[in-house]
Amino acid sequence: MPSINLSGAQKNYGVNSANAVSNLDLEIRDGEFMCLLGPSGCGKTTTLRMIAGLENLSDGEIRIGERLVDSVRSGVFIPPEKREMGLVFQSYALWPHLTIERNTDFGLRLRKLPRAEREARVEKVMQALDIAKYRDRYPSQLSGGQQQRVALARMLAVNPGVLLLDEPLSNLDARLRLEMRAELKRIHKEFKTTIVFVTHDQWEAMTLATTIAVMNEGTLQQMGTPNDIYDRPANRFVAEFVGSPPINILTFGAPNSQTARAVEAYLGERYPSLRGIGSIGIRPEAIGYAANATDVPPGSFAGEMTVTGVLPTGGSWILELRNDSDTLFLTTNALPRIETGSSVSFFAPPEALHVFDRNGQRVLEADALLRRNTLN
């Protein structure tokens, strides 16, 4: 399947309404697992539906390879059935009166494939998704996870060039979601299908995608690998949306924030060339703690706080630290040997500081300075 390109794509549902999607430039390469990630109402499902052809563009264009499939200015619109894409909705949308085998081969029958080819395709995809043993059952006789596999099998059987998934795992419990994530990774590897996956769940995006496009209020905030998105968020929105527990944000100029004033002084003393800083972020796993201030690594940003909570999460612990004006969260994989109410020194190496300007955009100059300090 050729790459899919959205250029200046825009969707508006009325003259007086805000754009659901604004000036979106997006490239989805052949064989890519692209996740559209963002909060409810950010435009990710609208984007998926525009790619599928279920929504007409208000402006801009969509190309599949060199083929123009949607453009208002050129008067071109290729209908969904001619785009060679498969769409799996949030609801499974299975025919309740058809067996699992008949649900799976439904699209092939519509295409009037010869019986032998149809049966071979259905058998292959049902075996791959481990639902062949349910071929004579009806959807009501299957669990949610099994029904989800049937919905995927129905799409894979017709061998679409692109598989579009609109939050398909949101109706499953935690265990089934985990199983289906692993299943989708395997499907992507085995079938080499281009997948566009819509989700508001950051962990689904981080564990599944080869590329993540983070959206907010109809605009693309950042596109990159999961590591790019997490380690180098382009702005405060991305930094705060991705990560659990959320990133700690300290805003400069905030009234009564002694920790923000401390980090501002720390940066000003060591990196006087930095100007216009609005805030810094520190990931919880990047913060360490010590019972004695003498154990703080030299060169780190550090301070003292009181432990106000020790929260076990199974394989790790979340520590809540407070002073008179601020709260920080840190995570540790080692059993904390401290009690609630204890005073501790917290610290973070300079390369762990994410620096943002007053508009919330990442300060790239700060990245270079902080990393150079570490290398030296």
# chains A, B, ... in the order shown; residues from 1 in each chain; ligands from 1

$ select_by_dssp --residues "segment 1-120 of chain A" --states "alpha helix (DSSP H)" --output "ChimeraX atom specification"
/A:44-52,100-104,106-110,115-120

$ closest_atom_pairs --of "segment 135-183 of chain A" --to "segment 190-212 of chain A" --cutoff "7 Å" --atoms "only C-alpha atoms" --output "tab-separated table"
residue	atom	partner	partner_atom	distance
A:Gly161	CA	A:Thr193	CA	6.4
A:Val162	CA	A:Thr194	CA	4.8
A:Leu163	CA	A:Ile195	CA	4.8
A:Leu164	CA	A:Val196	CA	4.9
A:Leu165	CA	A:Phe197	CA	4.7
A:Asp166	CA	A:Val198	CA	4.9
A:Glu167	CA	A:Thr199	CA	5.1
A:Arg181	CA	A:Leu208	CA	6.8

$ write_last_selection --atoms "C-alpha atoms" --output "PDB file, in the first residue's frame"
ATOM      1  CA  GLY A 161      -4.103  -2.183   2.294  1.00  0.00           C
ATOM      2  CA  VAL A 162      -4.808  -0.148   5.441  1.00  0.00           C
ATOM      3  CA  LEU A 163      -6.525  -1.224   8.658  1.00  0.00           C
ATOM      4  CA  LEU A 164      -8.248   1.636  10.501  1.00  0.00           C
ATOM      5  CA  LEU A 165      -9.062   0.987  14.168  1.00  0.00           C
ATOM      6  CA  ASP A 166     -11.276   3.384  16.136  1.00  0.00           C
ATOM      7  CA  GLU A 167     -10.639   2.682  19.840  1.00  0.00           C
ATOM      8  CA  ARG A 181      -2.512  -5.356  22.401  1.00  0.00           C
TER       9      ARG A 181
END

$ residues_around --residues "Gln221 of chain A" --least-positions-apart "4" --cutoff "10 Å" --atoms "only C-alpha atoms" --output "number ranges by chain"
A: 38, 213-217, 233-238

$ atom_distance --atom1 "atom CA of Met180 of chain A" --atom2 "atom CA of Asp130 of chain A"
11.9 Å

$ atom_distance --atom1 "atom CA of Pro284 of chain A" --atom2 "atom CA of Asp357 of chain A"
20.8 Å

$ select_by_dssp --residues "segment 131-250 of chain A" --states "strand (DSSP E)" --output "NGL selection string"
:A and (162-166 or 194-199 or 211-216 or 219-224 or 248-250)

$ residues_around --residues "Gln258 of chain A" --least-positions-apart "5" --cutoff "9 Å" --atoms "only C-alpha atoms" --output "MDAnalysis selection string"
chainID A and resid 263 323:326

$ write_last_selection --atoms "N, CA and C atoms" --output "short mmCIF file (atom, residue, chain, number, x, y, z; two decimals), in the first residue's frame"
data_model
loop_
_atom_site.label_atom_id
_atom_site.label_comp_id
_atom_site.auth_asym_id
_atom_site.auth_seq_id
_atom_site.Cartn_x
_atom_site.Cartn_y
_atom_site.Cartn_z
N VAL A 263 14.56 26.10 41.34
CA VAL A 263 15.05 25.59 40.06
C VAL A 263 15.39 26.73 39.11
N ASN A 323 6.15 20.40 50.21
CA ASN A 323 6.61 21.45 51.11
C ASN A 323 5.45 22.42 51.29
N ASP A 324 5.71 23.62 51.73
CA ASP A 324 4.60 24.54 52.01
C ASP A 324 3.85 24.98 50.77
N SER A 325 4.47 24.83 49.58
CA SER A 325 3.84 25.38 48.38
C SER A 325 3.74 24.42 47.20
N ASP A 326 4.46 23.31 47.23
CA ASP A 326 4.53 22.45 46.05
C ASP A 326 4.36 20.99 46.41
#

$ residues_around --residues "Ala366 of chain A" --least-positions-apart "3" --cutoff "7 Å" --atoms "only C-alpha atoms" --output "ChimeraX atom specification"
/A:274,355,363,369-370

$ residues_around --residues "Gln10 of chain A" --least-positions-apart "3" --cutoff "6 Å" --atoms "only C-alpha atoms" --output "PyMOL selection string"
chain A and resi 21-23+57-59

$ write_last_selection --atoms "C-alpha atoms" --output "PDB file, in the first residue's frame"
ATOM      1  CA  VAL A  21      -9.451  19.345  12.554  1.00  0.00           C
ATOM      2  CA  SER A  22      -7.285  22.289  11.504  1.00  0.00           C
ATOM      3  CA  ASN A  23      -4.554  22.373   8.836  1.00  0.00           C
ATOM      4  CA  LEU A  57     -12.768  17.402   3.883  1.00  0.00           C
ATOM      5  CA  SER A  58     -13.702  21.053   4.374  1.00  0.00           C
ATOM      6  CA  ASP A  59     -10.311  22.044   2.958  1.00  0.00           C
TER       7      ASP A  59
END

$ closest_atom_pairs --of "segment 239-292 of chain A" --to "segment 335-338 of chain A" --cutoff "12 Å" --atoms "only C-alpha atoms" --output "JSON lines"
{"residue": "A:Gly288", "atom": "CA", "partner": "A:Pro336", "partner_atom": "CA", "distance": 11.3}
{"residue": "A:Tyr289", "atom": "CA", "partner": "A:Pro336", "partner_atom": "CA", "distance": 9.9}
{"residue": "A:Ala290", "atom": "CA", "partner": "A:Ile338", "partner_atom": "CA", "distance": 9.8}
{"residue": "A:Ala291", "atom": "CA", "partner": "A:Ile338", "partner_atom": "CA", "distance": 8.3}

$ residues_around --residues "Glu66 of chain A" --least-positions-apart "2" --cutoff "10 Å" --atoms "only C-alpha atoms" --output "list in words"
Pro2, Ser3, Ile4, Asn5, Ile62, Arg63, Ile64, Leu68 and Val69 of chain A

$ write_last_selection --atoms "C-alpha atoms" --output "PDB file, in the first residue's frame"
ATOM      1  CA  PRO A   2       1.409   3.448  -0.880  1.00  0.00           C
ATOM      2  CA  SER A   3       1.837   6.066   1.827  1.00  0.00           C
ATOM      3  CA  ILE A   4      -1.137   8.183   2.915  1.00  0.00           C
ATOM      4  CA  ASN A   5      -0.620  11.945   2.949  1.00  0.00           C
ATOM      5  CA  ILE A  62      -5.684  13.489   0.994  1.00  0.00           C
ATOM      6  CA  ARG A  63      -3.504  11.402  -1.300  1.00  0.00           C
ATOM      7  CA  ILE A  64      -2.857   7.680  -1.314  1.00  0.00           C
ATOM      8  CA  LEU A  68      -5.783  12.133  -5.031  1.00  0.00           C
ATOM      9  CA  VAL A  69      -8.760  10.742  -3.086  1.00  0.00           C
TER      10      VAL A  69
END

$ closest_residue --among "A:Leu353, A:Leu328, A:Val296, A:Ile287" --to "Ala368 of chain A" --atoms "only C-alpha atoms"
A:Leu353

$ closest_residue --among "A:Ile187, A:Ile78, A:Ala260, A:Leu311" --to "Glu55 of chain A" --atoms "only C-alpha atoms"
A:Ile78
